[in-house]
Each structure stands twice: as structure tokens, then as C-alpha cells.
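Participant: Sharing input14.cif here; it has mmCIF, C-alpha atoms.
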data_my_file
#
loop_
_atom_site.label_atom_id
_atom_site.label_comp_id
_atom_site.auth_asym_id
_atom_site.auth_seq_id
_atom_site.Cartn_x
_atom_site.Cartn_y
_atom_site.Cartn_z
CA MET V 1 -50.41 169.89 144.23
CA LYS V 2 -54.14 169.45 144.78
CA ASP V 3 -54.68 172.93 143.29
CA VAL V 4 -53.92 171.39 139.91
CA LYS V 5 -57.16 170.34 138.24
CA ILE V 6 -57.76 168.54 134.99
CA SER V 7 -60.97 168.98 133.05
CA ASN V 8 -63.37 166.16 132.24
CA ILE V 9 -62.22 165.89 128.65
CA GLN V 10 -58.56 165.88 129.72
CA PHE V 11 -59.33 163.08 132.17
CA ILE V 12 -61.12 161.05 129.48
CA PHE V 13 -58.20 161.40 127.05
CA LEU V 14 -55.70 160.56 129.79
CA LEU V 15 -57.61 157.36 130.51
CA VAL V 16 -57.83 156.60 126.77
CA SER V 17 -54.06 156.88 126.34
CA PHE V 18 -53.44 154.96 129.55
CA ILE V 19 -55.65 151.96 128.73
CA PHE V 20 -54.63 151.93 125.09
CA GLY V 21 -51.00 152.49 126.14
CA ASN V 22 -48.77 149.49 125.74
CA SER V 23 -51.74 147.13 125.31
CA SER V 24 -52.02 148.41 121.73
CA VAL V 25 -48.62 146.97 120.84
CA PHE V 26 -49.45 143.45 122.02
CA THR V 27 -52.30 141.30 120.75
CA LEU V 28 -54.21 140.65 123.93
CA GLY V 29 -55.26 137.02 124.32
CA SER V 30 -52.68 135.85 121.80
CA GLY V 31 -52.14 132.60 123.70
CA VAL V 32 -55.51 131.18 122.62
CA SER V 33 -55.09 131.54 118.84
CA GLN V 34 -58.34 132.35 116.99
CA ASP V 35 -60.31 132.54 120.26
CA ALA V 36 -58.38 135.67 121.27
CA TRP V 37 -61.45 137.85 120.57
CA LEU V 38 -63.59 135.66 122.83
CA ALA V 39 -61.01 135.77 125.64
CA TYR V 40 -60.82 139.54 125.19
CA ILE V 41 -64.60 140.02 125.55
CA LEU V 42 -64.64 137.95 128.76
CA GLY V 43 -61.59 139.83 130.07
CA TRP V 44 -63.20 143.15 129.18
CA ILE V 45 -66.32 142.27 131.20
CA ALA V 46 -64.18 141.14 134.16
CA GLY V 47 -62.14 144.34 133.78
CA LEU V 48 -65.31 146.42 134.00
CA ILE V 49 -66.08 144.70 137.34
CA ILE V 50 -62.57 145.55 138.65
CA ILE V 51 -62.97 149.14 137.45
CA GLY V 52 -66.41 149.22 139.15
CA VAL V 53 -64.76 148.44 142.50
CA ILE V 54 -62.08 151.09 141.92
CA VAL V 55 -64.45 153.92 140.94
CA TYR V 56 -66.92 153.07 143.70
CA LEU V 57 -64.04 153.21 146.20
CA ALA V 58 -62.97 156.58 144.77
CA LYS V 59 -66.56 157.87 144.88
CA LEU V 60 -66.91 156.95 148.55
CA ASN V 61 -63.58 158.64 149.32
CA GLN V 62 -63.81 161.80 147.24
CA SER V 63 -60.78 164.10 147.10
CA LYS V 64 -58.62 161.38 148.69
CA THR V 65 -55.80 159.61 146.89
CA LEU V 66 -55.02 155.92 147.30
CA ILE V 67 -52.67 156.79 150.17
CA GLY V 68 -55.39 158.76 151.96
CA ILE V 69 -57.86 155.90 151.50
CA LEU V 70 -55.33 153.34 152.80
CA THR V 71 -54.44 155.33 155.90
CA ASP V 72 -58.12 156.05 156.61
CA SER V 73 -59.15 152.43 156.17
CA LEU V 74 -56.24 150.58 157.75
CA GLY V 75 -54.75 153.09 160.16
CA LYS V 76 -51.59 155.18 159.98
CA TYR V 77 -48.91 152.49 160.25
CA LEU V 78 -50.49 149.57 158.36
CA GLY V 79 -51.93 151.94 155.77
CA LYS V 80 -48.60 153.63 155.12
CA SER V 81 -46.79 150.27 155.00
CA ILE V 82 -49.17 149.00 152.30
CA ALA V 83 -48.87 152.38 150.57
CA LEU V 84 -45.09 151.85 150.38
CA ILE V 85 -45.68 148.45 148.75
CA TYR V 86 -47.92 150.25 146.25
CA VAL V 87 -45.06 152.66 145.53
CA VAL V 88 -42.85 149.67 144.67
CA TYR V 89 -45.68 148.32 142.47
CA PHE V 90 -45.98 151.66 140.63
CA ILE V 91 -42.22 151.84 140.09
CA ILE V 92 -42.04 148.26 138.77
CA LYS V 93 -45.02 148.88 136.47
CA GLY V 94 -43.47 152.15 135.26
CA GLY V 95 -40.19 150.34 134.55
CA TRP V 96 -42.08 147.59 132.76
CA VAL V 97 -43.88 150.10 130.51
CA LEU V 98 -40.55 151.79 129.69
CA ARG V 99 -39.07 148.39 128.83
CA THR V 100 -42.04 147.60 126.54
CA TYR V 101 -41.50 150.99 124.92
CA GLY V 102 -37.81 150.19 124.36
CA GLU V 103 -38.43 146.68 123.03
CA PHE V 104 -41.16 147.98 120.71
CA CYS V 105 -38.81 150.69 119.38
CA LYS V 106 -36.14 148.06 118.74
CA GLY V 107 -38.65 145.99 116.83
CA ALA V 108 -39.87 149.04 114.89
CA GLY V 109 -36.52 149.81 113.26
CA TYR V 110 -33.97 150.63 115.96
CA GLU V 111 -32.44 147.14 116.00
CA ARG V 112 -28.87 148.34 116.53
CA THR V 113 -29.63 151.00 119.15
CA PRO V 114 -28.85 149.86 122.73
CA LEU V 115 -31.99 149.31 124.77
CA VAL V 116 -30.65 151.37 127.67
CA PHE V 117 -30.26 154.35 125.35
CA ILE V 118 -33.88 154.17 124.08
CA ILE V 119 -35.23 153.82 127.62
CA SER V 120 -33.03 156.64 128.99
CA ILE V 121 -34.07 159.03 126.21
CA SER V 122 -37.75 158.30 126.84
CA ALA V 123 -37.11 158.76 130.57
CA LEU V 124 -35.64 162.22 129.88
CA VAL V 125 -38.91 163.20 128.16
CA LEU V 126 -40.73 161.82 131.19
CA VAL V 127 -38.62 163.96 133.53
CA TYR V 128 -39.43 167.05 131.49
CA ALA V 129 -43.16 166.25 131.50
CA LEU V 130 -43.19 165.45 135.23
CA ASN V 131 -41.45 168.72 136.06
CA ASN V 132 -44.15 170.58 134.13
CA GLY V 133 -46.91 168.89 136.09
CA LEU V 134 -50.04 166.85 135.40
CA GLU V 135 -52.02 169.69 133.86
CA VAL V 136 -49.47 170.30 131.10
CA LEU V 137 -49.36 166.62 130.21
CA ALA V 138 -53.16 166.42 130.23
CA ARG V 139 -53.32 169.34 127.79
CA ALA V 140 -50.67 167.82 125.49
CA ASN V 141 -52.52 164.53 125.66
CA GLU V 142 -55.70 166.23 124.44
CA LEU V 143 -53.91 166.56 121.10
CA LEU V 144 -52.14 163.20 121.15
CA ALA V 145 -54.86 160.79 122.31
CA PRO V 146 -57.20 161.37 119.34
CA LEU V 147 -54.22 160.62 117.04
CA LEU V 148 -53.76 157.28 118.77
CA VAL V 149 -57.35 156.19 118.21
CA THR V 150 -57.60 157.69 114.70
CA PHE V 151 -54.44 155.96 113.47
CA THR V 152 -55.61 152.61 114.84
CA LEU V 153 -58.94 152.98 113.05
CA VAL V 154 -57.31 154.27 109.82
CA VAL V 155 -54.84 151.34 109.77
CA THR V 156 -57.76 148.93 110.35
CA VAL V 157 -59.84 150.44 107.53
CA LEU V 158 -56.85 150.37 105.13
CA LEU V 159 -56.29 146.71 105.94
CA ILE V 160 -59.86 145.59 105.25
CA PRO V 161 -58.87 144.14 101.82
CA GLU V 162 -56.30 141.94 103.63
CA PHE V 163 -58.88 140.41 105.99
CA THR V 164 -59.25 136.63 105.86
CA PHE V 165 -62.41 135.73 107.72
CA ASP V 166 -61.50 132.04 107.76
CA ASN V 167 -58.95 132.98 110.45
CA PHE V 168 -61.83 132.93 112.97
CA LEU V 169 -62.44 129.23 112.34
CA PRO V 170 -62.73 126.86 114.07
CA VAL V 171 -64.27 128.75 117.00
CA PHE V 172 -63.56 127.26 120.46
CA GLU V 173 -60.40 125.55 119.24
CA SER V 174 -58.84 126.32 122.63
CA SER V 175 -60.26 124.78 125.80
CA LEU V 176 -62.58 126.85 127.97
CA GLY V 177 -59.95 126.74 130.73
CA ASN V 178 -57.32 128.32 128.49
CA ILE V 179 -59.79 130.99 127.32
CA LEU V 180 -60.65 131.82 130.95
CA ILE V 181 -56.95 132.02 131.92
CA SER V 182 -56.32 134.33 128.98
CA SER V 183 -59.35 136.47 129.83
CA SER V 184 -58.23 136.83 133.45
CA THR V 185 -54.86 138.18 132.30
CA ILE V 186 -56.71 140.65 130.05
CA ALA V 187 -58.79 141.76 133.05
CA CYS V 188 -55.53 142.59 134.86
CA PHE V 189 -53.76 144.04 131.84
CA PRO V 190 -54.88 146.62 130.74
CA PHE V 191 -58.20 147.10 132.60
CA GLY V 192 -57.07 146.35 136.17
CA GLU V 193 -54.24 148.82 135.72
CA VAL V 194 -56.81 151.65 135.95
CA MET V 195 -56.32 151.20 139.70
CA VAL V 196 -53.39 153.65 139.47
CA PHE V 197 -55.99 156.35 138.70
CA LEU V 198 -56.87 156.32 142.40
CA MET V 199 -53.87 158.68 142.53
CA ILE V 200 -55.31 160.83 139.70
CA PHE V 201 -59.05 161.02 140.56
CA PRO V 202 -58.58 163.81 143.18
CA TYR V 203 -57.15 166.04 140.45
CA MET V 204 -60.40 165.86 138.46
CA ALA V 205 -62.27 169.15 138.29
CA ASN V 206 -65.61 167.32 138.34
CA GLU V 207 -64.99 164.35 140.60
CA GLU V 208 -68.72 163.62 141.05
CA LYS V 209 -68.91 162.30 137.50
CA LEU V 210 -65.90 160.01 137.69
CA VAL V 211 -68.01 156.82 137.57
CA LYS V 212 -69.77 157.91 134.37
CA PHE V 213 -66.60 159.15 132.66
CA THR V 214 -64.47 156.16 133.64
CA TYR V 215 -67.06 153.62 132.49
CA MET V 216 -67.82 155.49 129.28
CA THR V 217 -64.12 155.72 128.40
CA THR V 218 -63.37 152.10 129.29
CA ILE V 219 -66.23 150.87 127.11
CA ILE V 220 -65.26 153.03 124.13
CA ILE V 221 -61.51 152.34 124.29
CA GLY V 222 -62.22 148.69 125.04
CA PHE V 223 -64.09 148.59 121.75
CA VAL V 224 -61.14 150.17 119.89
CA ILE V 225 -58.76 147.56 121.37
CA PHE V 226 -61.28 144.88 120.35
CA ILE V 227 -61.17 146.20 116.77
CA SER V 228 -57.35 146.10 116.79
CA ILE V 229 -57.41 142.47 118.07
CA LEU V 230 -59.85 141.50 115.30
CA ARG V 231 -57.62 143.28 112.75
CA ASP V 232 -54.47 141.47 113.90
CA LEU V 233 -56.30 138.14 113.90
CA LEU V 234 -57.90 138.64 110.50
CA VAL V 235 -54.73 139.93 108.85
CA LEU V 236 -52.05 137.76 110.42
CA GLY V 237 -53.99 134.63 111.34
CA PRO V 238 -53.98 132.72 114.65
CA GLU V 239 -50.61 130.97 114.18
CA LEU V 240 -48.73 134.18 113.51
CA ILE V 241 -50.27 136.21 116.36
CA ASP V 242 -49.40 133.39 118.76
CA ILE V 243 -45.70 133.55 117.91
CA THR V 244 -45.31 137.27 117.19
CA ILE V 245 -44.32 139.54 120.07
CA PHE V 246 -45.46 142.85 118.59
CA PRO V 247 -48.03 142.04 115.85
CA THR V 248 -48.76 145.76 115.42
CA ASN V 249 -45.28 146.19 113.88
CA ILE V 250 -46.02 143.59 111.20
CA VAL V 251 -49.60 144.77 110.61
CA VAL V 252 -48.52 148.39 110.14
CA GLY V 253 -45.79 147.21 107.76
CA ILE V 254 -48.32 145.67 105.38
CA VAL V 255 -50.66 148.66 105.14
CA PRO V 256 -51.18 149.01 101.38
CA SER V 257 -50.97 152.26 99.35
CA ILE V 258 -49.84 154.55 102.13
CA GLN V 259 -47.07 157.09 101.76
CA ILE V 260 -46.29 157.33 105.47
CA GLN V 261 -43.40 155.16 106.61
CA PRO V 262 -44.24 152.41 109.12
CA PRO V 263 -41.87 153.83 111.81
CA LEU V 264 -43.99 157.00 111.82
CA LEU V 265 -47.12 154.96 112.39
CA THR V 266 -45.48 152.95 115.13
CA ALA V 267 -44.36 156.22 116.73
CA VAL V 268 -48.02 157.04 117.19
CA TYR V 269 -48.47 153.81 119.11
CA LEU V 270 -45.63 154.87 121.36
CA ILE V 271 -47.61 157.90 122.55
CA GLY V 272 -49.74 155.60 124.66
CA CYS V 273 -46.67 153.96 126.19
CA GLY V 274 -45.28 157.38 127.15
CA ILE V 275 -48.52 158.49 128.81
CA LYS V 276 -48.79 155.21 130.69
CA ALA V 277 -45.23 155.45 131.98
CA TYR V 278 -45.93 159.07 133.02
CA VAL V 279 -49.02 158.08 135.02
CA TYR V 280 -47.11 155.33 136.87
CA VAL V 281 -44.10 157.51 137.69
CA PHE V 282 -46.38 160.40 138.70
CA ALA V 283 -48.36 158.03 140.95
CA ALA V 284 -45.15 156.73 142.56
CA ILE V 285 -43.77 160.23 143.18
CA THR V 286 -47.01 161.72 144.54
CA ALA V 287 -47.47 158.63 146.73
CA ILE V 288 -43.98 159.08 148.25
CA THR V 289 -44.70 162.79 148.75
CA GLU V 290 -47.98 162.03 150.54
CA ILE V 291 -46.64 159.17 152.67
CA PHE V 292 -43.80 161.29 154.07
CA GLY V 293 -45.80 164.52 154.15
CA PHE V 294 -43.63 166.56 151.77
CA ASP V 295 -44.79 169.80 150.15
CA ASP V 296 -43.18 169.47 146.75
CA TYR V 297 -42.70 166.38 144.61
CA LYS V 298 -40.38 167.87 141.99
CA PRO V 299 -36.97 167.10 143.58
CA LEU V 300 -37.99 163.42 143.58
CA VAL V 301 -38.67 163.34 139.83
CA ILE V 302 -35.12 162.52 138.67
CA PRO V 303 -34.29 159.86 141.31
CA VAL V 304 -37.60 158.00 140.84
CA THR V 305 -37.41 158.14 137.04
CA THR V 306 -33.81 156.89 137.18
CA LEU V 307 -35.00 154.03 139.39
CA ASN V 308 -37.67 153.29 136.75
CA VAL V 309 -35.00 153.08 134.06
CA VAL V 310 -32.91 150.71 136.17
CA ILE V 311 -35.96 148.54 136.98
CA GLY V 312 -36.87 148.60 133.28
CA MET V 313 -33.45 147.18 132.43
CA TRP V 314 -33.50 144.64 135.27
CA ILE V 315 -37.06 143.34 134.92
CA TYR V 316 -36.40 140.83 132.10
CA ASP V 317 -33.43 139.32 130.36
CA ASN V 318 -35.09 139.22 126.96
CA VAL V 319 -38.27 140.04 125.08
CA PHE V 320 -39.59 136.44 125.26
CA GLU V 321 -39.63 136.59 129.06
CA MET V 322 -41.58 139.84 128.73
CA LEU V 323 -44.22 138.21 126.53
CA HIS V 324 -44.47 135.21 128.83
CA SER V 325 -44.92 137.43 131.89
CA VAL V 326 -47.62 139.51 130.18
CA THR V 327 -49.66 136.45 129.24
CA ARG V 328 -48.96 134.17 132.20
CA ASN V 329 -48.03 134.47 135.86
CA VAL V 330 -47.31 138.13 136.58
CA PRO V 331 -50.87 139.49 136.10
CA TYR V 332 -52.01 137.27 139.00
CA ILE V 333 -49.54 138.98 141.33
CA PHE V 334 -50.78 142.35 140.13
CA LEU V 335 -54.38 141.21 140.80
CA ILE V 336 -53.60 141.55 144.52
CA PHE V 337 -52.92 145.28 144.03
CA GLN V 338 -55.59 145.87 141.40
CA PHE V 339 -58.53 144.01 142.89
CA ILE V 340 -58.04 142.23 146.22
CA ILE V 341 -56.69 145.17 148.29
CA PRO V 342 -59.23 147.66 146.74
CA VAL V 343 -62.08 145.22 147.56
CA ILE V 344 -60.88 144.99 151.18
CA MET V 345 -60.65 148.79 151.38
CA LEU V 346 -64.11 149.13 149.84
CA ILE V 347 -65.62 146.77 152.43
CA ILE V 348 -63.89 148.66 155.27
CA THR V 349 -65.07 152.03 153.88
CA ILE V 350 -68.69 150.82 153.56
CA VAL V 351 -68.67 149.35 157.10
CA LYS V 352 -67.14 152.56 158.53
CA LYS V 353 -69.72 154.73 156.75
CA GLN V 354 -72.58 152.57 158.04
CA ASN V 355 -71.22 152.68 161.60
CA LYS V 356 -70.96 156.47 161.33
CA LYS V 357 -74.57 156.71 160.15
CA GLN V 358 -75.77 154.49 163.03
CA THR V 359 -73.84 156.60 165.56
CA ILE V 360 -75.41 159.81 164.20
CA SER V 361 -78.94 158.36 164.21
CA MET M 1 -18.85 152.58 131.28
CA ILE M 2 -18.84 152.73 135.08
CA ILE M 3 -17.15 156.16 135.02
CA GLY M 4 -19.75 157.37 132.50
CA PHE M 5 -22.57 156.05 134.67
CA ILE M 6 -21.21 157.74 137.81
CA SER M 7 -20.68 161.07 136.00
CA ILE M 8 -24.24 161.04 134.58
CA PHE M 9 -25.47 160.26 138.04
CA LEU M 10 -23.57 163.11 139.68
CA LEU M 11 -24.83 165.42 136.95
CA LEU M 12 -28.42 164.45 137.75
CA ILE M 13 -27.87 165.26 141.44
CA LEU M 14 -26.34 168.61 140.46
CA ILE M 15 -29.48 169.37 138.41
CA ASP M 16 -31.61 168.55 141.44
CA LEU M 17 -29.68 170.66 143.95
CA PRO M 18 -31.38 174.01 143.15
CA LYS M 19 -34.78 172.33 143.44
CA LEU M 20 -33.82 170.81 146.77
CA LYS M 21 -32.74 174.24 148.02
CA LYS M 22 -36.03 175.82 146.92
CA SER M 23 -38.28 173.23 148.58
CA ASN M 24 -38.76 173.19 152.33
CA LEU M 25 -35.72 171.14 153.20
CA ASN M 26 -36.00 168.85 156.13
CA THR M 27 -33.98 165.85 157.21
CA LYS M 28 -36.71 163.40 156.21
CA TYR M 29 -36.86 164.82 152.68
CA ILE M 30 -33.10 164.58 152.24
CA MET M 31 -33.08 161.03 153.63
CA VAL M 32 -35.82 159.88 151.23
CA TYR M 33 -34.16 161.69 148.32
CA PHE M 34 -30.78 160.09 148.93
CA PHE M 35 -32.28 156.68 149.67
CA ILE M 36 -34.01 156.56 146.26
CA THR M 37 -30.98 158.09 144.58
CA LEU M 38 -28.57 155.60 146.09
CA LEU M 39 -30.95 152.70 145.41
CA SER M 40 -31.17 153.51 141.71
CA PHE M 41 -27.44 154.19 141.60
CA GLY M 42 -26.58 150.93 143.40
CA LEU M 43 -28.92 148.82 141.27
CA GLY M 44 -27.66 150.45 138.07
CA LEU M 45 -24.05 149.87 139.05
CA LEU M 46 -24.81 146.26 140.02
CA LEU M 47 -26.39 145.65 136.60
CA ILE M 48 -23.28 147.04 134.91
CA VAL M 49 -20.76 145.18 137.07
CA LYS M 50 -22.70 141.89 137.24
CA PRO M 51 -24.96 141.62 134.19
CA ASN M 52 -25.77 137.98 135.03
CA ILE M 53 -27.72 138.66 138.22
CA PRO M 54 -31.22 137.07 138.02
CA SER M 55 -33.86 139.38 136.60
CA ILE M 56 -37.05 140.31 138.50
CA TYR M 57 -38.90 137.90 136.20
CA GLU M 58 -36.61 135.02 137.23
CA ILE M 59 -36.92 135.90 140.92
CA VAL M 60 -40.74 136.00 140.67
CA ASN M 61 -40.79 132.71 138.78
CA THR M 62 -38.69 131.12 141.51
CA ILE M 63 -40.91 132.44 144.28
CA ILE M 64 -44.33 131.62 142.76
CA PRO M 65 -43.96 127.80 142.68
CA LEU M 66 -42.96 127.86 146.36
CA PHE M 67 -46.42 129.02 147.48
CA PRO M 68 -48.44 125.86 146.71
CA LYS M 69 -45.69 123.79 148.43
CA ALA M 70 -45.89 126.01 151.49
CA LEU M 71 -49.68 125.62 151.58
CA LYS M 72 -49.37 121.80 151.45
#
Let's see the structure in the file written out as C-alpha cells.

Facilitator:
Amino acid sequence: MKDVKISNIQFIFLLVSFIFGNSSVFTLGSGVSQDAWLAYILGWIAGLIIIGVIVYLAKLNQSKTLIGILTDSLGKYLGKSIALIYVVYFIIKGGWVLRTYGEFCKGAGYERTPLVFIISISALVLVYALNNGLEVLARANELLAPLLVTFTLVVTVLLIPEFTFDNFLPVFESSLGNILISSSTIACFPFGEVMVFLMIFPYMANEEKLVKFTYMTTIIIGFVIFISILRDLLVLGPELIDITIFPTNIVVGIVPSIQIQPPLLTAVYLIGCGIKAYVYVFAAITAITEIFGFDDYKPLVIPVTTLNVVIGMWIYDNVFEMLHSVTRNVPYIFLIFQFIIPVIMLIITIVKKQNKKQTIS
Amino acid sequence: MIIGFISIFLLLILIDLPKLKKSNLNTKYIMVYFFITLLSFGLGLLLIVKPNIPSIYEIVNTIIPLFPKALK
């Protein structure tokens, strides 16, 4: 598997699609009305700190995946036990992304299609992509990721006449506490999720430059998400973005003088969801393969993707629970996997490296 | 619905069989493969038979408030 290498540009586009992924269909920070942009900026900065820990950890452990880092830092048994918990985390996250994908499709015009059907069909595409390997997906994504960003920017530009700048006022309507809570959830989703790339970094052709590329991409795509938040806020207003589950659906629907049907535009947003689900399922499968020392991951593709579909159906009862979990409690649980465990591993790696240096000298 | 689910499931395993034969088969691999397969199958069947089982979201929401109490 490690023979597969993705180029720098492929890595950048993969990260673009991943971060943009299902975060593009929600309005991040929607719980704090017109202060959503402020919460987003704070969350973005906190997210850059989390990503800093992740890339520094990857830089210190070059050509090692998360599983390799865990077993090196914590020993064979404890490391592999925590790695198994990470596998569960990846599967739950993958299922969650598939569910978002399904719910978004239902909202975008497939109201009468059963959710399980939408999720299963998207899972079939995932199985096909996973069987072809990471390199094939990275190449396909080179074509798809620019579409994602371009469409977001085009929709924003077309909606400029609809902007109501009074929607920003009054600033600081929400309490600082609420803004900080909202920003911490934004730090976890979508920026903290980059942690899963600890399973992808070893496949980079030029791993030495991962810090530069990751930061550059996060800043650029963070800015695009910021623009989409401003657009949703300026077009829909604070009250509407607080009560709407997928504001992108409504925003795309009111694009003036465009011949393309809204479902086609929303389909573009779904590209990100697909790539994100792929990365999670790929991470889960490669993690299982590495933990148990298997040679080939392909026979595991169908069972793990099926498990993702089942988890996707089981994770929530309805779309309101999904929105509540995105904006409230669940990101804090994910913070353990995205920040706390990587920080502990980083400290252990630094201490081990220093001890090694002292022993040599 | 249950029959449909089981037949799709068996079909998926049939698709996987040639791949399993090609890869270096060992007992551990088969055990892991069937564990994940049976887990997804069991969970899927449970969701069909008992659609009212609490979702992951409900389970997490029940567990989270217990932690501050435990700390007190």
C-alpha cells in the first residue's frame, strides 16, 4: 500500500475537499445568529492550533501512520488498543458524513426517496473508489475539488445583489460565552477532523513539505468557508440561518438569472461529502489492516463500508438531532481524538527523541 | 425486507470471496473479516427488526450528563 504516492497538488485538493466536505452544507456557527462570522474566525484560529499539533506530530514521525505513531509512543498493546478505538471513531465519522450526505440529498429534492437508499447508493460509489485505491481518487479529485470552490464563489458573486448588510447588526448580540462555545465546535468540525490525515500523510510523495501544504490549504479553504458563511448570513439573515438545517439549499435556490437547476448546484456540494466519507472509510480500513498486520485491505472494503451505512442509519433518529449534535455536545467528545490524544503522543515523541539524543551524545 | 437484506448481504460476501482467495488468507484475516461482516449484518438486522432502539445520539446524550455526577 505504501508504494502508492499522491503528488503535492493531489494532496492539497484532497485536503480542500475534505475540509470543505460536509461543512459547506451547514452554516458553521449558526447558533450565535449574526455573530456566526466572529465565532468562525475564533474557531478557525483554534483549528489552526489543532492542525499545528497534528502536522508537527506527523513531521516528527515521517512515513508512519497514526497506528505506527500510537504503537511507537504507547507500546504494542496500549497503542493498538487506542488504535482500535480510533477505528471505531473513523467508522462513526464516516457513517455520520454519509448520513449528512443523505439528509442533504433529501433536502435538495429527493424528499420521497428513502434515506437508506440514498446512503446505500453513495456507499456503492465509495466501494468502487476504495477498490481502485487512493491514487485514483486523488486524481479524480484534482478535477472535482476546483469545481467545489469555483461553484461556491460563483454562487456568492451571483448573490451579491441580494446581500443585506444590516444582517450583521447588532454585533456581539450573543454573549461571549456562547460565541466561544460555538467557536470551539468549529475548531473540532471541520478543522480538527484533519486529524484523520495522519493516515494519509505517509502516502504523500513529498512528505517534508506537509506542514507548509497543510497550513496553506487550511488557510485558503478556511477563507472560502468564511465567504460562504458571510453569504448565508447576508442573504438569509441571522434568524433564518439559526433555524435552517441546510442553508446552502435555500441560498442556491435563490440564485438569480441562472439557467442551471439548483439540484445540479447542490450536487457539486455533495462532492465534498463523498471525498470526506472516502477518507474516513479509507482511514478505518487501512488502520484495521495495519493493526492486524494484513497485506491487502481490499477484502475489507465491503464489510467496513456496509458497517458505515448501518452506523449512518443508526446515528440519529432525525435531522434535528443531527444539527444539535453538530453544534453542541458531540464535538467535545471528538476533541479527545482530534486534540488531546495527539498532544499526548506529541509530548511522548518529543521526550523520546530528546532521550535518544542524550543517549547518543 | 429482512429477506431482501439477507440476500443483499450474502451477495456482498459472494463478491468478496474471489478477493479473499487472492489475498494471503490466514485465520486472523478471516476472523476479522467475518467479525466486521457479522457486526454490520447484526446491527442492520436489529435496526430493521427493532426500529425503536435508541440511536447513538441518544446513547451519547444519556452518558454525557453522567460524567459530572461521577466527578462529584

Participant: Determine the nearest neighbour of chain M from the options V:Ile9, V:Ile288, V:Ile121, V:Val55, counting only C-alpha atoms.

Facilitator: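 Nearest candidate to chain M out of V:Ile9, V:Ile288, V:Ile121, V:Val55: V:Ile288.
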
Participant: Write down, as a list in words, each residue of chain V that has any atom within 6 Å of an atom of chain M, counting only C-alpha atoms.

Facilitator: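 Therefore, the residues near the partner are Pro299, Pro303, Leu307, Val310, Trp314, Ile315 and Tyr316 of chain V.
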
Participant: So how far away is CA of Leu74 (chain V) from CA of Asp3 (chain V), in Å?

Facilitator: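 CA of Leu74 (chain V) lies at a distance of 26.7 Å from CA of Asp3 (chain V).
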
Participant: CA of Val304 (chain V) and CA of Phe197 (chain V) are how many Å apart?

Facilitator: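 Calculated distance between CA of Val304 (chain V) and CA of Phe197 (chain V) is 18.6 Å.
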
Participant: Could you work out how far CA of Gly95 (chain V) lies from CA of Thr305 (chain V), giving the answer in Å with one decimal?

Facilitator: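 Going from CA of Thr305 (chain V) over to CA of Gly95 (chain V) covers 8.6 Å.
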
Participant: Between region 34-131 of chain V and region 216-234 of chain V, at 8 Å or less, what are the per-residue closest atom pairs and their distances in Å? Count all atoms listed in the file, order by chain and rising residue number, and return it as a tab-separated table.

Facilitator:
residue	atom	partner	partner_atom	distance
V:Gln34	CA	V:Leu233	CA	6.9
V:Ala36	CA	V:Ile229	CA	7.6
V:Trp37	CA	V:Leu230	CA	6.6
V:Tyr40	CA	V:Phe226	CA	7.2
V:Ile41	CA	V:Phe226	CA	7.9
V:Trp44	CA	V:Gly222	CA	7.0
V:Leu48	CA	V:Thr218	CA	7.6

Participant: From the set V:Ser63, V:Ser122, V:Asn249, V:Thr164, which residue has the shortest atom-to-atom contact distance to Lys5 (chain V), counting all atoms listed in the file?

Facilitator: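 Looking only at the distances to Lys5 (chain V), the closest residue turns out to be V:Ser63.
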
Participant: Check what the PyMOL selection byres ((chain V and resi 243) around 12) selects in the file above and give those residues as a ChimeraX atom specification.

Facilitator: /V:26-27,30-33,236-242,244-247,320,323-324

Participant: Between V:Val279, V:Ile82, V:Ile50, V:Ile360, single out the one closest to Leu126 (chain V), counting all atoms listed in the file.

Facilitator: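 Closest residue, counting all atoms listed in the file: V:Val279.
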
Participant: Check which residues satisfy the PyMOL selection byres ((chain V and resi 273) around 12) in the file shown, then give them as an NGL selection string.

Facilitator: :V and (14 or 16-26 or 93-105 or 119 or 122-123 or 126 or 144-145 or 148 or 190 or 266-272 or 274-280)

Participant: Please write the residues picked by the PyMOL selection byres ((chain V and resi 203) around 7) on this file as a list of chain:residue names.

Facilitator: V:Lys2, V:Val4, V:Lys5, V:Ile6, V:Ile200, V:Phe201, V:Pro202, V:Met204, V:Ala205

Participant: Restricting the calculation to only C-alpha atoms, which member of V:Leu300, V:Phe165, V:Leu84, V:Lys352 is positioned closest to Met31 (chain M)?

Facilitator: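 Result for the nearest residue to Met31 (chain M): V:Leu300.
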